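Trainee: As input, take data34.cif (mmCIF, C-alpha atoms):
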```cif
data_data
loop_
_atom_site.label_atom_id
_atom_site.label_comp_id
_atom_site.auth_asym_id
_atom_site.auth_seq_id
_atom_site.Cartn_x
_atom_site.Cartn_y
_atom_site.Cartn_z
CA MET A 1 44.65 -25.82 -14.87
CA ASN A 2 43.28 -27.54 -17.91
CA SER A 3 39.81 -25.97 -17.73
CA GLU A 4 38.57 -22.54 -18.59
CA SER A 5 37.38 -22.02 -15.02
CA ASP A 6 40.87 -22.77 -13.65
CA ALA A 7 42.36 -20.25 -16.08
CA MET A 8 39.86 -17.55 -15.12
CA LEU A 9 40.49 -18.00 -11.43
CA ILE A 10 44.19 -17.26 -11.86
CA GLY A 11 43.71 -14.41 -14.32
CA ASP A 12 44.40 -16.13 -17.66
CA VAL A 13 44.59 -13.37 -20.30
CA PRO A 14 42.17 -14.83 -22.90
CA ALA A 15 39.62 -15.65 -20.21
CA VAL A 16 39.84 -12.20 -18.66
CA ALA A 17 39.52 -10.60 -22.09
CA ASN A 18 36.41 -12.65 -22.67
CA ILE A 19 34.91 -11.53 -19.35
CA CYS A 20 35.99 -7.95 -20.06
CA ASN A 21 33.99 -7.84 -23.27
CA THR A 22 30.97 -9.30 -21.49
CA ILE A 23 31.16 -6.70 -18.70
CA LYS A 24 31.44 -3.81 -21.11
CA ARG A 25 28.39 -5.06 -22.95
CA VAL A 26 26.30 -5.49 -19.79
CA PHE A 27 27.09 -1.97 -18.52
CA ARG A 28 27.30 -0.12 -21.81
CA HIS A 29 24.14 1.91 -21.09
CA HIS A 30 25.42 3.23 -17.76
CA GLY A 31 25.91 6.97 -18.05
CA GLY A 32 29.25 7.19 -16.25
CA ALA A 33 32.50 5.41 -15.49
CA LEU A 34 32.55 2.34 -13.26
CA ALA A 35 34.84 -0.57 -12.43
CA VAL A 36 34.14 -4.26 -11.89
CA ARG A 37 36.45 -6.34 -9.69
CA LEU A 38 36.20 -10.08 -10.17
CA TRP A 39 36.59 -12.81 -7.55
CA SER A 40 40.04 -13.44 -9.05
CA GLY A 41 41.17 -9.88 -8.23
CA GLU A 42 41.07 -8.68 -11.84
CA THR A 43 39.58 -5.18 -12.24
CA ILE A 44 37.88 -4.06 -15.44
CA ARG A 45 36.93 -0.45 -16.14
CA VAL A 46 33.89 0.63 -18.13
CA GLY A 47 33.38 4.13 -19.51
CA VAL A 48 35.66 7.13 -19.76
CA GLY A 49 37.32 8.76 -16.78
CA GLU A 50 37.89 7.79 -13.18
CA PRO A 51 35.35 5.17 -11.98
CA GLU A 52 32.72 6.59 -9.63
CA PHE A 53 32.26 3.23 -7.96
CA THR A 54 33.46 -0.37 -8.12
CA LEU A 55 31.23 -3.44 -8.14
CA VAL A 56 33.11 -6.21 -6.33
CA PHE A 57 31.94 -9.71 -7.27
CA LYS A 58 33.02 -12.14 -4.56
CA ASP A 59 31.17 -15.01 -6.17
CA PRO A 60 31.32 -16.01 -9.87
CA TYR A 61 27.75 -17.25 -9.67
CA ALA A 62 26.53 -13.79 -8.68
CA PHE A 63 28.34 -12.48 -11.73
CA ARG A 64 26.86 -15.17 -13.95
CA ASP A 65 23.32 -14.41 -12.75
CA LEU A 66 23.74 -10.69 -13.39
CA VAL A 67 25.05 -11.28 -16.91
CA LEU A 68 22.38 -13.80 -17.80
CA TRP A 69 19.35 -11.89 -16.52
CA GLN A 70 20.53 -8.28 -16.09
CA ASN A 71 17.92 -7.86 -13.36
CA PRO A 72 18.70 -5.14 -10.81
CA LEU A 73 16.77 -7.05 -8.11
CA GLN A 74 19.18 -9.97 -8.44
CA LEU A 75 22.10 -7.59 -8.03
CA VAL A 76 20.40 -6.08 -4.97
CA ARG A 77 19.85 -9.48 -3.42
CA ALA A 78 23.48 -10.46 -4.06
CA TYR A 79 24.52 -7.24 -2.30
CA PHE A 80 22.37 -8.09 0.71
CA LEU A 81 23.95 -11.56 0.90
CA GLY A 82 27.48 -10.16 0.73
CA ARG A 83 28.16 -11.77 -2.63
CA VAL A 84 28.57 -8.31 -4.19
CA ASP A 85 30.02 -5.17 -2.61
CA VAL A 86 29.94 -1.54 -3.68
CA GLU A 87 33.03 0.58 -3.16
CA GLY A 88 32.81 4.31 -3.86
CA GLN A 89 29.67 6.30 -4.59
CA LEU A 90 26.64 4.19 -3.63
CA TYR A 91 24.24 6.79 -5.03
CA ARG A 92 25.87 6.56 -8.45
CA ALA A 93 25.83 2.76 -8.32
CA LEU A 94 22.08 2.89 -7.78
CA GLY A 95 21.79 4.43 -11.23
CA LEU A 96 22.27 0.89 -12.55
CA ARG A 97 18.58 0.28 -11.87
CA TYR A 98 17.85 2.27 -15.03
CA SER A 99 20.60 0.93 -17.28
CA LEU A 100 20.67 -2.78 -16.48
CA GLY A 101 18.47 -4.68 -18.87
CA ALA A 102 17.98 -1.70 -21.18
CA GLU A 103 18.97 -3.97 -24.06
CA PRO A 104 18.82 -7.63 -22.94
CA MET A 105 21.19 -10.21 -24.37
CA SER A 106 19.97 -12.59 -27.02
CA LEU A 107 19.33 -16.20 -26.06
CA PHE A 108 22.46 -17.25 -27.99
CA ASP A 109 24.66 -14.77 -26.08
CA ARG A 110 23.22 -15.90 -22.76
CA PHE A 111 23.94 -19.52 -23.61
CA ALA A 112 27.51 -18.59 -24.57
CA VAL A 113 28.07 -16.91 -21.19
CA LEU A 114 26.54 -19.83 -19.34
CA TRP A 115 28.83 -22.23 -21.22
CA ARG A 116 31.94 -20.21 -20.41
CA LEU A 117 31.07 -20.08 -16.71
CA ARG A 118 29.61 -23.59 -16.45
CA SER A 119 32.20 -25.09 -14.12
CA LEU A 120 33.13 -22.16 -11.91
CA PRO A 121 32.98 -23.12 -8.23
CA PRO A 122 31.04 -20.85 -5.83
CA THR A 123 33.26 -18.82 -3.50
CA ILE A 124 30.61 -17.15 -1.36
CA SER A 125 32.18 -15.30 1.56
CA GLN A 126 28.87 -14.82 3.43
CA ASP A 127 28.44 -17.34 6.23
CA ALA A 128 25.52 -19.75 6.22
CA ALA A 129 23.72 -18.08 9.10
CA ASN A 130 23.44 -14.73 7.32
CA ASP A 131 22.45 -16.47 4.10
CA ALA A 132 19.64 -18.24 5.93
CA PHE A 133 18.54 -15.01 7.60
CA ALA A 134 18.39 -13.15 4.32
CA GLU A 135 16.36 -15.94 2.75
CA LEU A 136 13.95 -15.87 5.70
CA LYS A 137 13.71 -12.08 5.62
CA GLU A 138 12.89 -12.08 1.93
CA SER A 139 10.24 -14.79 2.12
CA SER A 140 8.57 -13.52 5.30
CA GLY A 141 8.59 -10.01 3.93
CA ALA A 142 6.87 -11.15 0.77
CA ARG A 143 4.13 -12.82 2.81
CA ALA A 144 3.48 -10.31 5.60
CA GLY A 145 0.88 -7.64 5.04
CA ARG A 146 -0.47 -9.19 1.87
CA THR A 147 -4.15 -8.95 2.83
CA HIS A 148 -3.92 -5.89 5.12
CA SER A 149 -5.86 -7.78 7.77
CA ARG A 150 -5.16 -6.84 11.39
CA ARG A 151 -2.93 -9.90 11.75
CA ASP A 152 -1.01 -9.28 8.53
CA ASN A 153 -0.57 -5.58 9.25
CA ALA A 154 0.79 -6.37 12.71
CA GLY A 155 3.23 -8.83 11.16
CA ALA A 156 4.31 -6.31 8.53
CA ILE A 157 4.86 -3.58 11.13
CA ALA A 158 6.88 -5.97 13.29
CA PHE A 159 8.93 -6.95 10.22
CA HIS A 160 9.87 -3.32 9.59
CA TYR A 161 9.84 -1.51 12.94
CA ASP A 162 10.66 -4.18 15.50
CA VAL A 163 14.22 -4.62 14.26
CA SER A 164 15.84 -2.91 17.26
CA ASN A 165 15.20 0.43 18.93
CA ASP A 166 18.95 0.75 19.47
CA PHE A 167 19.51 0.29 15.73
CA TYR A 168 17.10 3.10 14.84
CA ARG A 169 18.58 5.33 17.53
CA LEU A 170 21.94 5.29 15.71
CA TRP A 171 20.70 7.16 12.65
CA LEU A 172 17.47 8.90 13.59
CA ASP A 173 17.46 12.25 15.40
CA GLU A 174 17.50 12.48 19.17
CA ARG A 175 13.68 12.31 19.37
CA MET A 176 13.49 9.23 17.11
CA VAL A 177 11.29 10.83 14.45
CA TYR A 178 10.90 8.40 11.55
CA SER A 179 9.47 10.73 8.91
CA CYS A 180 10.91 13.63 6.94
CA GLY A 181 12.23 16.72 8.67
CA TYR A 182 11.25 20.29 7.81
CA PHE A 183 14.32 22.13 6.52
CA GLU A 184 13.93 25.90 6.38
CA ASN A 185 17.47 25.80 5.00
CA PRO A 186 19.17 22.78 3.38
CA GLY A 187 22.06 23.11 5.84
CA ASP A 188 19.89 22.71 8.94
CA SER A 189 20.82 19.86 11.24
CA LEU A 190 18.60 16.79 11.29
CA ASP A 191 17.65 17.41 14.92
CA ALA A 192 16.64 21.00 14.18
CA ALA A 193 14.65 19.98 11.10
CA GLN A 194 12.70 17.34 13.01
CA CYS A 195 11.82 19.79 15.78
CA LYS A 196 10.59 22.24 13.13
CA LYS A 197 8.51 19.47 11.52
CA LEU A 198 6.86 18.54 14.81
CA ASP A 199 6.05 22.18 15.46
CA HIS A 200 4.88 22.71 11.88
CA ILE A 201 2.31 19.94 12.35
CA CYS A 202 1.11 21.37 15.66
CA ARG A 203 0.76 24.85 14.15
CA LYS A 204 -1.15 23.54 11.13
CA LEU A 205 -3.54 21.76 13.48
CA ARG A 206 -3.89 25.01 15.46
CA LEU A 207 -3.51 23.08 18.71
CA LYS A 208 -4.85 24.79 21.83
CA PRO A 209 -4.49 23.94 25.52
CA ASP A 210 -6.85 21.25 26.81
CA GLU A 211 -7.75 19.99 23.32
CA HIS A 212 -7.59 16.26 22.76
CA LEU A 213 -5.22 15.11 19.99
CA LEU A 214 -5.23 11.63 18.48
CA ASP A 215 -1.86 10.54 17.04
CA VAL A 216 -2.50 7.58 14.71
CA GLY A 217 0.67 5.54 14.19
CA CYS A 218 2.66 7.43 16.82
CA GLY A 219 6.05 5.81 16.19
CA TRP A 220 8.35 6.33 19.17
CA GLY A 221 6.15 9.06 20.62
CA ALA A 222 7.92 12.26 19.52
CA LEU A 223 4.86 14.13 18.23
CA ALA A 224 2.74 13.17 21.24
CA ILE A 225 5.36 14.47 23.67
CA TRP A 226 6.04 17.64 21.64
CA ALA A 227 2.35 18.51 21.39
CA ALA A 228 1.60 17.89 25.07
CA LYS A 229 4.70 19.68 26.31
CA ASN A 230 4.56 22.74 24.04
CA TYR A 231 0.83 23.13 23.39
CA GLY A 232 -0.78 21.79 26.55
CA VAL A 233 -3.01 19.27 24.77
CA ARG A 234 -4.09 15.84 25.93
CA VAL A 235 -2.85 13.13 23.57
CA THR A 236 -3.97 9.61 22.82
CA ALA A 237 -1.30 7.91 20.69
CA VAL A 238 -1.61 4.48 19.09
CA THR A 239 0.81 2.04 17.48
CA ILE A 240 0.79 -1.66 16.65
CA SER A 241 4.55 -2.05 17.07
CA ASP A 242 5.54 -3.70 20.35
CA LYS A 243 8.96 -2.06 20.46
CA GLN A 244 7.61 1.40 19.59
CA PHE A 245 4.89 1.06 22.23
CA GLU A 246 7.40 0.12 24.94
CA PHE A 247 9.82 2.90 23.95
CA ALA A 248 7.13 5.59 23.68
CA GLN A 249 5.61 4.63 27.03
CA ARG A 250 9.01 4.84 28.68
CA CYS A 251 9.71 8.26 27.11
CA VAL A 252 6.35 9.58 28.29
CA ASN A 253 7.03 8.41 31.84
CA GLU A 254 10.57 9.83 31.85
CA ALA A 255 9.25 13.18 30.61
CA GLY A 256 6.64 13.22 33.38
CA MET A 257 3.84 13.54 30.80
CA ASP A 258 1.81 10.48 31.75
CA LYS A 259 -1.13 12.61 32.92
CA LEU A 260 -1.42 14.22 29.48
CA ILE A 261 -0.39 11.35 27.19
CA THR A 262 -1.86 7.88 26.83
CA ILE A 263 0.00 5.39 24.63
CA LYS A 264 -2.02 2.45 23.34
CA ARG A 265 -1.02 -0.65 21.41
CA CYS A 266 -3.95 -0.65 19.03
CA ASP A 267 -4.87 -1.02 15.36
CA TYR A 268 -6.46 2.15 13.99
CA ARG A 269 -9.59 0.16 13.16
CA ASP A 270 -10.01 -0.74 16.84
CA ILE A 271 -9.81 2.75 18.34
CA ASP A 272 -12.85 3.27 20.55
CA GLY A 273 -15.45 4.93 18.33
CA THR A 274 -17.36 6.36 21.27
CA GLU A 275 -14.54 8.83 21.93
CA SER A 276 -14.06 11.89 19.73
CA PHE A 277 -11.05 14.14 19.24
CA ASP A 278 -10.54 17.83 18.58
CA LYS A 279 -7.56 17.18 16.31
CA ILE A 280 -6.11 14.09 14.63
CA ALA A 281 -2.64 13.60 13.13
CA SER A 282 -1.42 10.65 11.08
CA VAL A 283 2.26 10.91 10.17
CA GLY A 284 3.93 8.28 7.99
CA MET A 285 1.26 5.70 8.76
CA PHE A 286 -1.29 5.61 5.96
CA GLU A 287 1.25 4.08 3.56
CA HIS A 288 0.69 0.83 5.50
CA VAL A 289 -3.09 0.91 5.22
CA GLY A 290 -3.42 -0.57 1.71
CA LEU A 291 -5.17 1.19 -1.14
CA LYS A 292 -8.31 -0.91 -0.89
CA ASN A 293 -8.58 0.03 2.79
CA LEU A 294 -8.31 3.80 2.33
CA PRO A 295 -12.12 4.24 2.55
CA VAL A 296 -12.07 2.32 5.85
CA TYR A 297 -9.12 4.36 7.11
CA PHE A 298 -10.54 7.77 6.25
CA GLY A 299 -13.98 6.65 7.41
CA LYS A 300 -12.57 5.76 10.83
CA ILE A 301 -10.82 9.12 11.07
CA ALA A 302 -14.05 10.91 10.17
CA GLN A 303 -15.91 8.93 12.84
CA LEU A 304 -13.36 9.96 15.50
CA LEU A 305 -13.04 13.65 14.56
CA LYS A 306 -15.29 16.21 16.24
CA PRO A 307 -17.31 18.62 14.08
CA GLY A 308 -15.09 21.61 13.37
CA GLY A 309 -11.97 19.59 14.19
CA LEU A 310 -8.90 19.28 11.98
CA PHE A 311 -7.17 16.21 10.56
CA LEU A 312 -3.61 16.26 9.18
CA ASN A 313 -2.53 13.32 7.01
CA HIS A 314 1.21 13.23 6.32
CA GLY A 315 2.12 10.48 3.87
CA ILE A 316 4.18 9.36 0.90
CA THR A 317 2.74 9.25 -2.61
CA HIS A 318 4.10 8.36 -6.02
CA ASP A 319 3.65 9.59 -9.55
CA GLU A 320 1.72 6.62 -10.93
CA GLU A 321 -1.83 5.56 -10.26
CA GLY A 322 -2.25 2.45 -8.15
CA TRP A 323 0.41 0.02 -6.94
CA ARG A 324 1.55 -1.91 -9.98
CA ALA A 325 4.29 -4.54 -9.92
CA THR A 326 7.53 -2.77 -10.83
CA LEU A 327 11.18 -3.09 -9.84
CA THR A 328 10.65 -0.52 -7.08
CA THR A 329 7.40 -1.94 -5.70
CA LYS A 330 8.77 -5.50 -5.69
CA PHE A 331 11.87 -4.38 -3.82
CA ILE A 332 9.90 -2.41 -1.22
CA ASN A 333 7.36 -5.15 -0.53
CA ARG A 334 9.91 -7.97 -0.49
CA PHE A 335 12.61 -6.45 1.67
CA VAL A 336 11.35 -3.35 3.49
CA PHE A 337 7.62 -2.57 3.73
CA PRO A 338 5.65 -5.79 3.15
CA ASP A 339 2.33 -3.93 3.37
CA GLY A 340 3.42 -0.68 1.72
CA GLU A 341 1.26 0.70 -1.08
CA LEU A 342 1.33 4.21 -2.56
CA ASP A 343 -0.91 6.16 -4.89
CA MET A 344 -1.04 9.56 -6.54
CA VAL A 345 -1.82 12.46 -4.23
CA SER A 346 -4.85 13.31 -6.35
CA ASN A 347 -6.30 9.86 -5.65
CA VAL A 348 -5.61 10.24 -1.93
CA GLN A 349 -7.50 13.53 -1.91
CA LYS A 350 -10.32 11.97 -3.90
CA GLN A 351 -10.71 9.25 -1.27
CA MET A 352 -10.76 11.91 1.45
CA GLU A 353 -13.43 13.90 -0.35
CA ARG A 354 -15.50 10.77 -0.88
CA THR A 355 -15.42 10.38 2.90
CA LYS A 356 -16.87 13.91 3.20
CA PHE A 357 -13.63 15.63 4.15
CA GLU A 358 -13.07 19.20 3.03
CA ILE A 359 -9.43 19.89 2.18
CA TRP A 360 -7.98 23.16 3.45
CA ASP A 361 -4.28 22.89 2.81
CA VAL A 362 -1.89 20.67 0.80
CA GLU A 363 1.89 21.00 1.14
CA ASN A 364 4.51 19.01 -0.77
CA LEU A 365 7.56 18.17 1.36
CA ARG A 366 9.38 16.11 -1.28
CA PRO A 367 12.69 18.05 -1.13
CA HIS A 368 12.67 17.77 2.66
CA TYR A 369 12.48 13.97 2.56
CA ALA A 370 15.37 13.74 0.11
CA ILE A 371 17.58 15.72 2.51
CA THR A 372 16.35 13.71 5.50
CA LEU A 373 17.21 10.41 3.84
CA ARG A 374 20.71 11.54 2.96
CA HIS A 375 21.19 12.44 6.62
CA TRP A 376 19.96 9.00 7.66
CA VAL A 377 22.24 7.18 5.21
CA SER A 378 25.26 9.21 6.28
CA ARG A 379 24.58 8.59 9.96
CA LEU A 380 23.99 4.87 9.41
CA GLU A 381 27.21 4.48 7.43
CA ALA A 382 29.17 6.34 10.13
CA ALA A 383 27.72 4.01 12.78
CA ARG A 384 28.16 0.76 10.85
CA ALA A 385 30.30 -0.98 13.48
CA GLU A 386 27.82 -0.08 16.21
CA ALA A 387 24.84 -1.04 14.03
CA LEU A 388 26.23 -4.56 13.58
CA LYS A 389 25.90 -5.07 17.33
CA TYR A 390 22.13 -4.91 16.94
CA VAL A 391 21.47 -6.29 13.45
CA ASP A 392 23.33 -8.58 11.09
CA GLU A 393 25.16 -7.54 7.95
CA ALA A 394 22.23 -8.37 5.66
CA THR A 395 19.85 -6.12 7.58
CA TYR A 396 22.38 -3.29 7.64
CA ARG A 397 22.76 -3.55 3.87
CA VAL A 398 19.00 -3.61 3.31
CA TRP A 399 18.55 -0.37 5.21
CA ARG A 400 21.54 1.38 3.68
CA LEU A 401 20.47 0.56 0.14
CA TYR A 402 16.77 1.20 0.72
CA MET A 403 17.29 4.67 2.19
CA ALA A 404 19.85 5.70 -0.43
CA ALA A 405 17.56 4.55 -3.24
CA SER A 406 14.61 6.36 -1.63
CA ALA A 407 16.62 9.59 -1.49
CA LEU A 408 17.19 9.36 -5.23
CA HIS A 409 13.51 8.64 -5.90
CA PHE A 410 12.50 11.73 -3.92
CA GLU A 411 15.08 13.81 -5.76
CA ASP A 412 13.86 12.51 -9.12
CA GLY A 413 10.22 13.17 -8.21
CA ASP A 414 9.12 9.54 -8.60
CA ILE A 415 7.74 9.72 -5.08
CA GLY A 416 6.58 12.63 -2.96
CA VAL A 417 5.28 13.30 0.53
CA TYR A 418 2.30 15.51 1.27
CA GLN A 419 0.70 17.04 4.33
CA ILE A 420 -3.04 17.32 3.71
CA LEU A 421 -5.08 19.33 6.21
CA ALA A 422 -8.82 18.64 6.24
CA SER A 423 -12.01 18.80 8.27
CA LYS A 424 -15.37 17.08 8.07
CA ARG A 425 -17.47 18.93 5.55
CA ALA A 426 -20.18 21.00 7.24
CA LEU A 427 -22.28 24.05 6.41
CA ASN A 428 -21.09 27.42 7.73
CA THR A 429 -17.93 25.86 9.20
CA VAL A 430 -14.48 27.37 8.62
CA PRO A 431 -12.05 25.72 11.07
CA VAL A 432 -8.91 27.57 9.88
CA PRO A 433 -7.94 31.27 9.72
CA MET A 434 -8.30 33.22 6.50
CA SER A 435 -4.55 33.02 5.84
CA ARG A 436 -1.60 30.82 6.78
CA ARG A 437 0.10 33.68 8.59
CA ASP A 438 -0.43 32.12 12.02
CA ILE A 439 1.53 29.00 11.04
CA TYR A 440 4.72 30.98 10.50
CA GLN A 441 4.50 33.68 13.16
#
```
Since I need it in another form, could you write the structure as structure tokens?
Mentor:
Amino acid sequence: MNSESDAMLIGDVPAVANICNTIKRVFRHHGGALAVRLWSGETIRVGVGEPEFTLVFKDPYAFRDLVLWQNPLQLVRAYFLGRVDVEGQLYRALGLRYSLGAEPMSLFDRFAVLWRLRSLPPTISQDAANDAFAELKESSGARAGRTHSRRDNAGAIAFHYDVSNDFYRLWLDERMVYSCGYFENPGDSLDAAQCKKLDHICRKLRLKPDEHLLDVGCGWGALAIWAAKNYGVRVTAVTISDKQFEFAQRCVNEAGMDKLITIKRCDYRDIDGTESFDKIASVGMFEHVGLKNLPVYFGKIAQLLKPGGLFLNHGITHDEEGWRATLTTKFINRFVFPDGELDMVSNVQKQMERTKFEIWDVENLRPHYAITLRHWVSRLEAARAEALKYVDEATYRVWRLYMAASALHFEDGDIGVYQILASKRALNTVPVPMSRRDIYQ
């Protein structure tokens, strides 16, 4: 017990006071009360009032890295690895992404912290297998989808969607719809909101019996089955996810809809161009296309759509032009969507118009996605023990944090989600009624 590190590990008063001052400095820009629990068991409060959450540092090196660099991504990674825990309000803890690093430490102060913590031994509680998995997940995620080639896109989709169908089933609705619901009232159940969303899409497309619908990026098949069952249309649905393809095919067979629905494992660029469709829907898919490929994507849709047909593009946007390297974009591409790229809705519409689409309707569903994500987070947290049967702790933490952070971004307006209804531009062609009344009747 003759070193500073020994003293800190047993709660020596001067050492704890030193750490206390450092913690209060690091978190001084946070707009509420929080607590920090050290690996030694000491708890330090910051701010006035009852702490809204507690950051639990299980490893002094995770604490050292946060203090030295004040980078929210490092804190996030430590959380994934189990070196840091969050007790209390996760949504409030995510507010640290704005306050950390607001006023970085000077080089002298960083050196002083490093000197004080120089001999602390690591006490990581995460086992080596999960550590290795998290390292692999991070590096493979950073690589996959980089060029948006067919091979890279397939790898990126597998990275995100081929986790486990059973895992997704725990927190999605009963139809496994992985896009925002449509809440007529904020208190609607998730299952009800997803049924309303599926029907909302079908009504916007003005589906009629015997029409042929193309569902691009069909997920687990919910829209295809809903449209065929309730509107009598034939559906061709495509996905490049192996697990989604197998699940959707099984659902179609179990529903007895195999004569109306064809599920294909196919990249959108490889859909047979000799076939044309009365209506086309793309829900939660174009975010994977890549901004440089939007002309190719919309061009392919235009090639496949019949004259007078309707195309509905449902996708996420954000409030800045292009896909610059930021804290949010780095996090998404490294841990969640390796190929994900967003743009402003105005730029999306511009690309559509350059492809000779005429836009008939634009609807912002941003509040609906915020509510949907809070449902998903709540359901995932409630099913944590079951979820860990299908994924490891690191994966569970990635999804919990990602969806909670996304809910806040939708609530703040940093990102949005739009349904854009369009047709191929043509003279004397009006493919929609004079009002929207038919959608809601």
Trainee: Output the residue selection produced by the PyMOL selection byres ((chain A and resi 179) around 8) on the file above, formatted as a PyMOL selection string.
Mentor: chain A and resi 177-178+180-181+283-284+369
Trainee: Tell me, in Å to one decimal, how far CA of Arg374 (chain A) is from CA of Gly187 (chain A).
Mentor: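 Interatomic distance, CA of Arg374 (chain A) to CA of Gly187 (chain A): 12.0 Å.
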Trainee: Name the closest residue to Leu291 (chain A) among the candidates A:Trp323, A:Phe111, A:Phe311, A:Phe277; distances are taken between atoms, counting only C-alpha atoms.
Mentor: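 Checking each candidate against Leu291 (chain A), we get A:Trp323 as the closest.
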Trainee: Taking into account only C-alpha atoms, which residue in the set A:Thr262, A:Gly256, A:Gly290, A:Gln194 is nearest to Ala224 (chain A)?
Mentor: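 Looking only at the distances to Ala224 (chain A), the closest residue turns out to be A:Thr262.
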Trainee: A:Tyr268, A:His314, A:Asp215, A:Asn165: which is nearest Lys243 (chain A), counting all atoms listed in the file?
Mentor: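 Once distances to Lys243 (chain A) are computed over all atoms listed in the file, the minimum belongs to A:Asn165.
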Trainee: Which distance in Å separates CA of Glu363 (chain A) and CA of Ile316 (chain A), to one decimal?
Mentor: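 Interatomic distance, CA of Glu363 (chain A) to CA of Ile316 (chain A): 11.9 Å.
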Trainee: Looking at all atoms listed in the file, which of A:Ile415, A:Val296, A:Val48, A:Leu55 is the one that sits closest to Leu365 (chain A)?
Mentor: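 Checking each of A:Ile415, A:Val296, A:Val48, A:Leu55 against Leu365 (chain A), counting all atoms listed in the file, the winner is A:Ile415.
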Trainee: Once 6 Å is added on each side, what centre and edge lengths in Å to one decimal does the axis-aligned box around all listed atoms of region 23-32 of chain A have, as AutoDock Vina command-line options?
Mentor:
```
--center_x 27.8 --center_y 0.2 --center_z -19.6 --size_x 19.3 --size_y 25.9 --size_z 18.7
```
Trainee: Just say which residues the PyMOL selection byres ((chain A and resi 77-79) around 10) picks in this file, as a count of residues only.
Mentor: 31
Trainee: Given the PyMOL selection byres ((chain A and resi 248) around 8) and the file above, list the residues it selects as a ChimeraX atom specification.
Mentor: /A:219-222,244-247,249-252,263
Trainee: Please produce an output containing C-alpha atoms for each residue in the selection, written as a short mmCIF file (atom, residue, chain, number, x, y, z; two decimals), in the coordinates of the input.
Mentor:
```
data_model
loop_
_atom_site.label_atom_id
_atom_site.label_comp_id
_atom_site.auth_asym_id
_atom_site.auth_seq_id
_atom_site.Cartn_x
_atom_site.Cartn_y
_atom_site.Cartn_z
CA GLY A 219 6.05 5.81 16.19
CA TRP A 220 8.35 6.33 19.17
CA GLY A 221 6.15 9.06 20.62
CA ALA A 222 7.92 12.26 19.52
CA GLN A 244 7.61 1.40 19.59
CA PHE A 245 4.89 1.06 22.23
CA GLU A 246 7.40 0.12 24.94
CA PHE A 247 9.82 2.90 23.95
CA GLN A 249 5.61 4.63 27.03
CA ARG A 250 9.01 4.84 28.68
CA CYS A 251 9.71 8.26 27.11
CA VAL A 252 6.35 9.58 28.29
CA ILE A 263 0.00 5.39 24.63
#
```
Trainee: Quote the spacing between CA of Gly340 (chain A) and CA of Ala387 (chain A) in Å to one decimal place.
Mentor: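 Atom-to-atom, CA of Gly340 (chain A) and CA of Ala387 (chain A) are spaced 24.7 Å apart.
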Trainee: Could you check the closest approach to Lys389 (chain A) for each of A:Val336, A:Ala237, A:Leu170, A:Leu198 and tell me which residue wins, using only C-alpha atoms?
Mentor: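 The answer is A:Leu170, which sits nearest to Lys389 (chain A).
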Trainee: Using all atoms listed in the file, which of the listed residues (A:Ala35, A:Val26, A:Val417, A:Gly88) sits closest to Asp109 (chain A)?
Mentor: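 Distance minimum relative to Asp109 (chain A) lands on A:Val26.
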Trainee: Write out as JSON, numbers by chain each polymer residue whose atoms come within 12 Å of Asn428 (chain A), counting only C-alpha atoms; drop sequence neighbours fewer than 4 positions from it.
Mentor: {"A": [307, 308, 424]}
Trainee: I'd like the contact shell of Arg354 (chain A) - 12 Å cut-off, all atoms listed in the file, skipping same-chain residues fewer than 2 positions apart - returned as a PyMOL selection string.
Mentor: chain A and resi 294-296+298-299+302+347-352+356-359+424-425
Trainee: Which neighbours of Arg324 (chain A) fall inside 12 Å, counting all atoms listed in the file, when residues of the same chain fewer than 6 positions from it are skipped, and could you give them as a list in words?
Mentor: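 Close residues of Arg324 (chain A): Leu291, His318, Lys330, Asn333, Gly340, Glu341, Leu342 and Asp343 of chain A.
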Trainee: Can you pull out the residues contacting Glu275 (chain A)? Cut-off 12 Å, using only C-alpha atoms, and skip same-chain residues under 5 positions away; I want them as a VMD selection string.
Mentor: chain A and resid 212 to 214 236 270 300 to 306
